[in-house]
Amino acid sequence: MPTNSVGSDPDTAADTQAKPSSGMRGSRLSLARGVMRNLPKFANLLPPIRAKSVQQLRERLGIPTRTHETQQPFNLSTRLAIRVRKLGLEQAVQNVSKNGFGHIQDLAPMDFTDQLRETVRRIASAQPDGRANMLLDKDPIFEEVVLNPKILALAEVMCGKGALLSRLVGCVIKQNPPVADLHVTQNRLPAPFAEHNQMVTFCWACDEQTKEAGAIKVVPGSQHHRRPPSPDEITAQKDAEAVKCAAGSATFFDGSLWHSRWPRTLEGEQVLLYITYCRLALRPQESYDYLDSDWSKGKPFALRVLLGKEDGLDTAEGAIGSIDNLSKFIRMSNWSKT
């Protein structure tokens, strides 16, 4: 039996399949053509059950009814609220909404955390500063980490559905290491920051975190300032506190939260894994990642900037993998706030 090909003209196809040999067949063909021409009008006459079914499908796929609608911060959809409740994360969401940070308990069985510790330690210890990034393809265990159900649910709470993996960094922290000043994760954004959080970081504790061990330092509620701390605020460290965290659990914090880490005063070492996610909104609509260094060699500097070839983020080493990349990343961070 002959069939129409996709995209073929319905009138031509109908002529091919049904040449009228009588007045009756000609009338049927005319009726069919009339129906096809007026199909949009007939669609409006379908029973309401069709519209309801379409809406249910859109909700199942997470497609908004109107694309201009915006979900307000911490106003979770029914689907996400159910997911958060089933995973036992309601208190964590309340804490991060109020204080800018929260905790996740029982991320995985302790033998998984033990295995993660040894993996991070093995890779990070090979680096001069005990810090390794670009870890996703270094061991299969990191895929399980970034896909952890509790972490993914909170990443969606903080950065929306479709959040991207931004950074995966493992650290081995020894006694009395240098520590960074108070800062914010989303430092590449101009202040005041948007009300919607843009980045979230999870710190998977492979060892117990206490102040003496070098725990995360936070200023609770500082995310509401929607800006980085000033030099005076960095010096004063008013209201800064250590976030205690048991091995096998995680601390996570808002991208606007003022944070750092306490210096480790204990002997020995602490192993941590930082996982950062970000919103997908500013991802370019067209990707030219396939244009390699050979293509960009000799091209104008301005063109390389447009393609992200001068921000230190487009190499296998990542932003902190080399002095050159780090310099480019710092320059890009300054540019982004102009």
# chains A, B, ... in the order shown; residues from 1 in each chain; ligands from 1

$ residues_around --residues "stretch 87-102 of chain A" --least-positions-apart "2" --cutoff "10 Å" --atoms "only C-alpha atoms" --output "VMD selection string"
chain A and resid 73 to 74 81 to 85 104 to 105 149 to 151 153 to 154 157 to 158 200 to 202 218 to 224 243 250 to 259

$ residues_around --residues "A:Ala205" --least-positions-apart "5" --cutoff "7 Å" --atoms "only C-alpha atoms" --output "PyMOL selection string"
chain A and resi 245-250+272-273

$ select_by_dssp --residues "stretch 62-253 of chain A" --states "helix (DSSP H, G or I)" --output "PDB file with C-alpha atoms, in the first residue's frame"
ATOM      1  CA  THR A  78       5.100  20.102  43.731  1.00  0.00           C
ATOM      2  CA  ARG A  79       7.348  17.561  42.041  1.00  0.00           C
ATOM      3  CA  LEU A  80      10.532  18.912  43.642  1.00  0.00           C
ATOM      4  CA  ALA A  81       8.914  19.356  47.060  1.00  0.00           C
ATOM      5  CA  ILE A  82       7.875  15.678  47.054  1.00  0.00           C
ATOM      6  CA  ARG A  83      11.389  14.660  46.041  1.00  0.00           C
ATOM      7  CA  VAL A  84      12.932  16.763  48.821  1.00  0.00           C
ATOM      8  CA  ARG A  85      10.555  15.285  51.397  1.00  0.00           C
ATOM      9  CA  LYS A  86      11.196  11.685  50.308  1.00  0.00           C
ATOM     10  CA  GLU A  90      13.328  19.566  54.170  1.00  0.00           C
ATOM     11  CA  GLN A  91      15.378  20.801  57.142  1.00  0.00           C
ATOM     12  CA  ALA A  92      18.440  21.259  54.925  1.00  0.00           C
ATOM     13  CA  VAL A  93      16.400  23.455  52.556  1.00  0.00           C
ATOM     14  CA  GLN A  94      15.074  25.539  55.462  1.00  0.00           C
ATOM     15  CA  ASN A  95      18.579  26.001  56.849  1.00  0.00           C
ATOM     16  CA  VAL A  96      20.141  27.113  53.563  1.00  0.00           C
ATOM     17  CA  SER A  97      17.248  29.478  52.905  1.00  0.00           C
ATOM     18  CA  LYS A  98      17.742  31.191  56.272  1.00  0.00           C
ATOM     19  CA  ASN A  99      21.471  30.865  56.973  1.00  0.00           C
ATOM     20  CA  MET A 110      30.571   4.658  55.027  1.00  0.00           C
ATOM     21  CA  ASP A 111      32.501   2.142  52.931  1.00  0.00           C
ATOM     22  CA  PHE A 112      31.738   4.361  49.929  1.00  0.00           C
ATOM     23  CA  THR A 113      33.133   7.407  51.747  1.00  0.00           C
ATOM     24  CA  ASP A 114      36.205   5.370  52.735  1.00  0.00           C
ATOM     25  CA  GLN A 115      36.749   4.447  49.098  1.00  0.00           C
ATOM     26  CA  LEU A 116      36.193   8.063  48.053  1.00  0.00           C
ATOM     27  CA  ARG A 117      38.733   9.232  50.620  1.00  0.00           C
ATOM     28  CA  GLU A 118      41.414   6.914  49.330  1.00  0.00           C
ATOM     29  CA  THR A 119      40.693   7.898  45.719  1.00  0.00           C
ATOM     30  CA  VAL A 120      40.813  11.645  46.410  1.00  0.00           C
ATOM     31  CA  ARG A 121      43.898  11.259  48.567  1.00  0.00           C
ATOM     32  CA  ARG A 122      45.723   9.240  45.912  1.00  0.00           C
ATOM     33  CA  ILE A 123      45.026  11.788  43.158  1.00  0.00           C
ATOM     34  CA  ALA A 124      45.394  15.002  45.178  1.00  0.00           C
ATOM     35  CA  ILE A 141      33.564   6.914  41.763  1.00  0.00           C
ATOM     36  CA  PHE A 142      33.279  10.598  40.884  1.00  0.00           C
ATOM     37  CA  GLU A 143      30.370   9.885  38.554  1.00  0.00           C
ATOM     38  CA  GLU A 144      28.518   8.367  41.495  1.00  0.00           C
ATOM     39  CA  VAL A 145      29.339  11.416  43.610  1.00  0.00           C
ATOM     40  CA  VAL A 146      27.962  14.011  41.182  1.00  0.00           C
ATOM     41  CA  PRO A 149      20.323  11.735  44.640  1.00  0.00           C
ATOM     42  CA  LYS A 150      20.470  14.053  47.660  1.00  0.00           C
ATOM     43  CA  ILE A 151      23.098  16.283  46.103  1.00  0.00           C
ATOM     44  CA  LEU A 152      21.238  16.483  42.796  1.00  0.00           C
ATOM     45  CA  ALA A 153      17.961  17.368  44.517  1.00  0.00           C
ATOM     46  CA  LEU A 154      19.572  20.228  46.437  1.00  0.00           C
ATOM     47  CA  ALA A 155      21.447  21.390  43.341  1.00  0.00           C
ATOM     48  CA  GLU A 156      18.043  21.782  41.675  1.00  0.00           C
ATOM     49  CA  VAL A 157      16.670  23.637  44.703  1.00  0.00           C
ATOM     50  CA  MET A 158      19.589  26.070  44.598  1.00  0.00           C
ATOM     51  CA  CYS A 159      20.305  26.399  40.865  1.00  0.00           C
ATOM     52  CA  SER A 222      25.625  36.848  54.820  1.00  0.00           C
ATOM     53  CA  GLN A 223      24.119  35.618  51.527  1.00  0.00           C
ATOM     54  CA  HIS A 224      21.332  38.180  52.022  1.00  0.00           C
ATOM     55  CA  HIS A 225      23.846  40.996  51.377  1.00  0.00           C
ATOM     56  CA  PRO A 231      38.066  44.442  53.044  1.00  0.00           C
ATOM     57  CA  ASP A 232      36.979  45.622  56.518  1.00  0.00           C
ATOM     58  CA  GLU A 233      34.447  42.790  56.788  1.00  0.00           C
ATOM     59  CA  ILE A 234      37.086  40.283  55.725  1.00  0.00           C
ATOM     60  CA  THR A 235      39.401  41.532  58.480  1.00  0.00           C
ATOM     61  CA  ALA A 236      36.711  41.682  61.179  1.00  0.00           C
TER      62      ALA A 236
END

$ closest_residue --among "A:Leu307, A:Leu189, A:Val169, A:Leu164" --to "A:Lys138" --atoms "only C-alpha atoms"
A:Val169

$ residues_around --residues "stretch 191-195 of chain A" --least-positions-apart "2" --cutoff "7 Å" --atoms "only C-alpha atoms" --output "PyMOL selection string"
chain A and resi 189+197+226-227

$ write_last_selection --atoms "C-alpha atoms" --output "mmCIF file, in the first residue's frame"
data_model
loop_
_atom_site.group_PDB
_atom_site.id
_atom_site.type_symbol
_atom_site.label_atom_id
_atom_site.label_comp_id
_atom_site.auth_asym_id
_atom_site.auth_seq_id
_atom_site.Cartn_x
_atom_site.Cartn_y
_atom_site.Cartn_z
ATOM 1 C CA LEU A 189 29.005 37.899 38.866
ATOM 2 C CA ASN A 197 21.138 31.731 43.534
ATOM 3 C CA ARG A 226 24.055 39.741 47.761
ATOM 4 C CA ARG A 227 27.654 40.922 47.421
#

$ select_by_dssp --residues "stretch 170-317 of chain A" --states "strand (DSSP E or B)" --output "number ranges by chain"
A: 170-174, 183, 199-205, 209, 216-218, 241-243, 245, 250-254, 259-261, 269-278

$ atom_distance --atom1 "atom CA of A:Cys171" --atom2 "atom CA of A:Asn187"
20.9 Å

$ closest_residue --among "A:Ile275, A:Ala215, A:Val184, A:Ile323" --to "A:Arg167" --atoms "only C-alpha atoms"
A:Ile275
